[in-house]
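Engineer: Structure below; questions to follow.
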Amino acid sequence: MSAAFKGGRETLLLLPGEVVIHFRLADPFTWVHRVSDFWVMDHEALLTITSRRHELPPGIVLHQECGDAYALWKQSMYAPEEVCPPNFWKVRAGDYLVRAVPGEDALTLLSFEECAVVYWLKPDGSYPDLLEAMAGPDSCDPRHVEILRRAALDVAGRPMLRSFATEWSINA
């Protein structure tokens, strides 16, 4: 299944064992995508995709770095600002998100026509701890290797999107 994110907000329920892969548009001239990050869910989670700054969860703020690019930061009681937790991705127009379940043939592919933030939280709205948030693929697990292979082939076979961004920013 393939869909396009054209802005706004979407929330999806991820189940234990599901995999989410971010493919970043590495070269807009050759239309080459590379795996930017990979999550493996070890429990239920709510995946949110938003292009709206005001819909970021409490404690997450944007700080201007340069020009239109912004950094995501998490405020904490220990330090005024900390780098964004690993359960947040900055996705640019032209990127893809792939969702899959090990052992199942179907891949869900979402193309981005607008820059967005993609993040997951526990069903109660709390942040995952650092180890949960960094859960990645097991390179020795043939199921994860197969998902990466199929996802890369699927993304590589897609036609060029109508829009892409070389920098990330959300302004809404």
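Chain identifiers are assigned as A, B, and so on, following the order in which chains appear in the structure tokens; residues are numbered from 1 within each chain, and ligands are numbered from 1 in order of appearance.
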Excluding Leu15 (chain A) and residues on its chain fewer than 4 positions from it, collect all residues at most 8 Å away from it, counting only C-alpha atoms, and give them as a ChimeraX atom specification.
Structural biologist: /A:41-45
Engineer: For those residues, write N, CA and C atoms to a file as a PDB file, in the first residue's frame.
Structural biologist:
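The new file out_12.pdb reads:
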```pdb
ATOM      1  N   MET A  41       9.479  -1.961  17.117  1.00  0.00           N
ATOM      2  CA  MET A  41       8.625  -1.771  18.292  1.00  0.00           C
ATOM      3  C   MET A  41       8.661  -3.017  19.180  1.00  0.00           C
ATOM      4  N   ASP A  42       8.922  -2.806  20.467  1.00  0.00           N
ATOM      5  CA  ASP A  42       8.865  -3.950  21.378  1.00  0.00           C
ATOM      6  C   ASP A  42       7.592  -3.907  22.221  1.00  0.00           C
ATOM      7  N   HIS A  43       6.752  -2.909  22.001  1.00  0.00           N
ATOM      8  CA  HIS A  43       5.447  -2.805  22.657  1.00  0.00           C
ATOM      9  C   HIS A  43       4.584  -1.880  21.810  1.00  0.00           C
ATOM     10  N   GLU A  44       3.312  -1.756  22.155  1.00  0.00           N
ATOM     11  CA  GLU A  44       2.444  -0.841  21.417  1.00  0.00           C
ATOM     12  C   GLU A  44       2.966   0.583  21.511  1.00  0.00           C
ATOM     13  N   ALA A  45       2.755   1.334  20.444  1.00  0.00           N
ATOM     14  CA  ALA A  45       3.174   2.730  20.424  1.00  0.00           C
ATOM     15  C   ALA A  45       2.254   3.504  19.497  1.00  0.00           C
TER      16      ALA A  45
END
```
Engineer: Would you list the contacts of Arg158 (chain A) as an MDAnalysis selection string, taking every protein, DNA or RNA residue within 10 Å and counting only C-alpha atoms, but skipping same-chain residues closer than 4 positions in sequence?
Structural biologist: chainID A and resid 31 111 153:154
Engineer: Could you please determine the separation between CA of Tyr127 (chain A) and CA of Ile147 (chain A) in Å, to one decimal place?
Structural biologist: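 One can read the CA of Tyr127 (chain A) to CA of Ile147 (chain A) distance as 26.3 Å.
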Engineer: Check the DSSP output for the backbone and give back, as a PyMOL selection string, the residues of region 8-170 of chain A in strand (DSSP E or B).
Structural biologist: chain A and resi 9-14+19-27+32-40+45-50+60-66+69-74+82-83+88-91+96-100+107-112+116-121
Engineer: Write out as an mmCIF file with N, CA and C atoms, in the first residue's frame all residues of chain A that DSSP puts in helix (DSSP H, G or I) for this structure's backbone.
Structural biologist:
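Result file follows (selection.cif):
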```cif
data_model
loop_
_atom_site.group_PDB
_atom_site.id
_atom_site.type_symbol
_atom_site.label_atom_id
_atom_site.label_comp_id
_atom_site.auth_asym_id
_atom_site.auth_seq_id
_atom_site.Cartn_x
_atom_site.Cartn_y
_atom_site.Cartn_z
ATOM 1 N N ARG A 53 3.784 22.783 13.788
ATOM 2 C CA ARG A 53 4.655 23.080 14.931
ATOM 3 C C ARG A 53 3.885 23.055 16.251
ATOM 4 N N HIS A 54 2.676 23.575 16.259
ATOM 5 C CA HIS A 54 1.906 23.671 17.508
ATOM 6 C C HIS A 54 1.378 22.316 17.980
ATOM 7 N N GLU A 55 1.561 21.250 17.191
ATOM 8 C CA GLU A 55 1.098 19.923 17.599
ATOM 9 C C GLU A 55 2.214 19.028 18.129
ATOM 10 N N LEU A 130 15.419 5.586 26.967
ATOM 11 C CA LEU A 130 16.425 5.675 25.915
ATOM 12 C C LEU A 130 16.613 4.361 25.166
ATOM 13 N N LEU A 131 16.659 3.232 25.877
ATOM 14 C CA LEU A 131 16.856 1.941 25.210
ATOM 15 C C LEU A 131 15.674 1.580 24.325
ATOM 16 N N GLU A 132 14.457 1.855 24.795
ATOM 17 C CA GLU A 132 13.272 1.590 23.970
ATOM 18 C C GLU A 132 13.298 2.460 22.712
ATOM 19 N N ALA A 133 13.637 3.728 22.881
ATOM 20 C CA ALA A 133 13.603 4.671 21.765
ATOM 21 C C ALA A 133 14.662 4.359 20.722
ATOM 22 N N PRO A 142 17.389 -12.559 10.020
ATOM 23 C CA PRO A 142 17.067 -12.564 8.586
ATOM 24 C C PRO A 142 15.740 -11.863 8.273
ATOM 25 N N ARG A 143 14.824 -11.820 9.236
ATOM 26 C CA ARG A 143 13.546 -11.130 8.994
ATOM 27 C C ARG A 143 13.770 -9.631 8.817
ATOM 28 N N HIS A 144 14.630 -9.039 9.651
ATOM 29 C CA HIS A 144 14.914 -7.606 9.529
ATOM 30 C C HIS A 144 15.691 -7.304 8.254
ATOM 31 N N VAL A 145 16.636 -8.161 7.916
ATOM 32 C CA VAL A 145 17.408 -7.988 6.680
ATOM 33 C C VAL A 145 16.471 -8.042 5.477
ATOM 34 N N GLU A 146 15.531 -8.973 5.493
ATOM 35 C CA GLU A 146 14.576 -9.104 4.380
ATOM 36 C C GLU A 146 13.660 -7.884 4.290
ATOM 37 N N ILE A 147 13.214 -7.363 5.415
ATOM 38 C CA ILE A 147 12.374 -6.159 5.388
ATOM 39 C C ILE A 147 13.148 -4.990 4.796
ATOM 40 N N LEU A 148 14.378 -4.795 5.228
ATOM 41 C CA LEU A 148 15.202 -3.722 4.671
ATOM 42 C C LEU A 148 15.397 -3.891 3.171
ATOM 43 N N ARG A 149 15.658 -5.106 2.737
ATOM 44 C CA ARG A 149 15.878 -5.376 1.312
ATOM 45 C C ARG A 149 14.627 -5.060 0.498
ATOM 46 N N ARG A 150 13.475 -5.587 0.942
ATOM 47 C CA ARG A 150 12.224 -5.350 0.211
ATOM 48 C C ARG A 150 11.839 -3.878 0.214
ATOM 49 N N ALA A 151 12.028 -3.212 1.357
ATOM 50 C CA ALA A 151 11.685 -1.792 1.451
ATOM 51 C C ALA A 151 12.565 -0.960 0.521
ATOM 52 N N ALA A 152 13.868 -1.260 0.492
ATOM 53 C CA ALA A 152 14.785 -0.515 -0.380
ATOM 54 C C ALA A 152 14.418 -0.709 -1.848
ATOM 55 N N LEU A 153 14.061 -1.924 -2.234
ATOM 56 C CA LEU A 153 13.648 -2.177 -3.617
ATOM 57 C C LEU A 153 12.361 -1.439 -3.954
ATOM 58 N N ASP A 154 11.425 -1.432 -3.012
ATOM 59 C CA ASP A 154 10.148 -0.745 -3.234
ATOM 60 C C ASP A 154 10.365 0.761 -3.402
ATOM 61 N N VAL A 155 11.167 1.360 -2.523
ATOM 62 C CA VAL A 155 11.433 2.794 -2.611
ATOM 63 C C VAL A 155 12.185 3.122 -3.904
ATOM 64 N N ALA A 156 13.173 2.308 -4.260
ATOM 65 C CA ALA A 156 13.963 2.567 -5.468
ATOM 66 C C ALA A 156 13.114 2.485 -6.737
#
```
Engineer: Could you check the closest approach to Pro16 (chain A) for each of A:Pro102, A:Gly125, A:Gly157, A:Pro57 and tell me which residue wins, using only C-alpha atoms?
Structural biologist: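 Using only C-alpha atoms, Pro16 (chain A) sits closest to A:Pro102.
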Engineer: One decimal, in Å: what's the spacing between CA of Met160 (chain A) and CA of His33 (chain A)?
Structural biologist: 11.0 Å
Engineer: Would you mind reading off the distance between CA of Trp39 (chain A) and CA of Arg99 (chain A), one decimal, in Å?
Structural biologist: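 Those two atoms sit 9.5 Å apart.
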Engineer: Give me the residues within 12 Å of Arg24 (chain A) as a PyMOL selection string, counting only C-alpha atoms and dropping any in the same chain fewer than 4 places off.
Structural biologist: chain A and resi 28+31-38+89-98+111-112+115+152+155-156+164-168
Engineer: Produce a file of the selected residues containing N, CA and C atoms, as a compact mmCIF listing (two decimals), in the first residue's frame.
Structural biologist:
```
# COMPACT_ATOMS: atom_id res chain seq x y z
N PRO A 28 18.66 14.54 -4.71
CA PRO A 28 17.45 14.82 -5.50
C PRO A 28 17.67 14.76 -7.00
N TRP A 31 17.76 10.89 -7.56
CA TRP A 31 16.62 10.29 -6.86
C TRP A 31 17.04 9.06 -6.06
N VAL A 32 18.18 9.19 -5.36
CA VAL A 32 18.69 8.11 -4.53
C VAL A 32 18.22 8.32 -3.10
N HIS A 33 17.65 7.27 -2.51
CA HIS A 33 17.24 7.29 -1.11
C HIS A 33 18.14 6.36 -0.31
N ARG A 34 18.40 6.73 0.93
CA ARG A 34 19.18 5.88 1.84
C ARG A 34 18.42 5.73 3.15
N VAL A 35 18.66 4.62 3.83
CA VAL A 35 18.03 4.42 5.14
C VAL A 35 18.63 5.43 6.11
N SER A 36 17.77 6.24 6.70
CA SER A 36 18.20 7.24 7.67
C SER A 36 18.09 6.70 9.09
N ASP A 37 17.02 5.96 9.37
CA ASP A 37 16.82 5.39 10.70
C ASP A 37 15.82 4.25 10.60
N PHE A 38 15.74 3.46 11.69
CA PHE A 38 14.97 2.21 11.68
C PHE A 38 14.50 1.96 13.11
N TRP A 89 11.91 11.93 14.45
CA TRP A 89 12.62 12.08 13.19
C TRP A 89 12.17 13.35 12.50
N LYS A 90 13.10 14.06 11.89
CA LYS A 90 12.77 15.17 11.01
C LYS A 90 12.73 14.60 9.59
N VAL A 91 11.55 14.59 8.99
CA VAL A 91 11.36 14.01 7.67
C VAL A 91 11.16 15.15 6.67
N ARG A 92 11.90 15.08 5.56
CA ARG A 92 11.80 16.13 4.55
C ARG A 92 10.90 15.70 3.39
N ALA A 93 10.35 16.68 2.70
CA ALA A 93 9.60 16.39 1.47
C ALA A 93 10.52 15.61 0.55
N GLY A 94 10.01 14.54 -0.04
CA GLY A 94 10.81 13.66 -0.89
C GLY A 94 11.26 12.40 -0.18
N ASP A 95 11.10 12.34 1.15
CA ASP A 95 11.46 11.15 1.93
C ASP A 95 10.31 10.14 1.91
N TYR A 96 10.62 8.92 2.36
CA TYR A 96 9.63 7.86 2.49
C TYR A 96 9.69 7.27 3.89
N LEU A 97 8.54 6.79 4.36
CA LEU A 97 8.45 6.00 5.58
C LEU A 97 7.88 4.65 5.18
N VAL A 98 8.50 3.58 5.64
CA VAL A 98 8.02 2.23 5.36
C VAL A 98 7.66 1.58 6.68
N SER A 111 4.86 8.33 1.25
CA SER A 111 5.75 9.32 0.65
C SER A 111 5.42 10.68 1.23
N PHE A 112 6.42 11.55 1.32
CA PHE A 112 6.23 12.86 1.93
C PHE A 112 6.32 13.95 0.87
N CYS A 115 7.50 18.62 4.44
CA CYS A 115 8.34 18.30 5.60
C CYS A 115 7.45 18.05 6.82
N ALA A 152 13.87 -1.26 0.49
CA ALA A 152 14.78 -0.51 -0.38
C ALA A 152 14.42 -0.71 -1.85
N VAL A 155 11.17 1.36 -2.52
CA VAL A 155 11.43 2.79 -2.61
C VAL A 155 12.19 3.12 -3.90
N ALA A 156 13.17 2.31 -4.26
CA ALA A 156 13.96 2.57 -5.47
C ALA A 156 13.11 2.48 -6.74
N PHE A 164 10.31 18.02 -3.27
CA PHE A 164 11.36 17.54 -2.38
C PHE A 164 11.97 18.76 -1.70
N ALA A 165 12.62 18.53 -0.58
CA ALA A 165 13.27 19.61 0.16
C ALA A 165 14.70 19.18 0.47
N THR A 166 15.63 20.09 0.31
CA THR A 166 17.02 19.79 0.67
C THR A 166 17.30 20.20 2.11
N GLU A 167 16.45 21.03 2.69
CA GLU A 167 16.53 21.43 4.11
C GLU A 167 15.20 21.10 4.77
N TRP A 168 15.23 20.95 6.09
CA TRP A 168 14.00 20.64 6.82
C TRP A 168 13.49 21.87 7.55
```
Engineer: Looking at only C-alpha atoms, which of A:Val61, A:Ile170, A:Glu113, A:Asp141 is the one that sits closest to Leu25 (chain A)?
Structural biologist: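 Of the candidates, the smallest distance to Leu25 (chain A) is held by A:Glu113.
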Engineer: Could you name the residues that touch Gly8 (chain A) at 9 Å or less, counting only C-alpha atoms, but leaving out those on the same chain fewer than 4 positions away, as a ChimeraX atom specification?
Structural biologist: /A:49-52,116,172
Engineer: So which one's closest to Gly7 (chain A), A:Ser139, A:Glu114, A:Thr48, A:Tyr119? Using only C-alpha atoms, please.
Structural biologist: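 Ranking A:Ser139, A:Glu114, A:Thr48, A:Tyr119 by distance to Gly7 (chain A), first place goes to A:Glu114.
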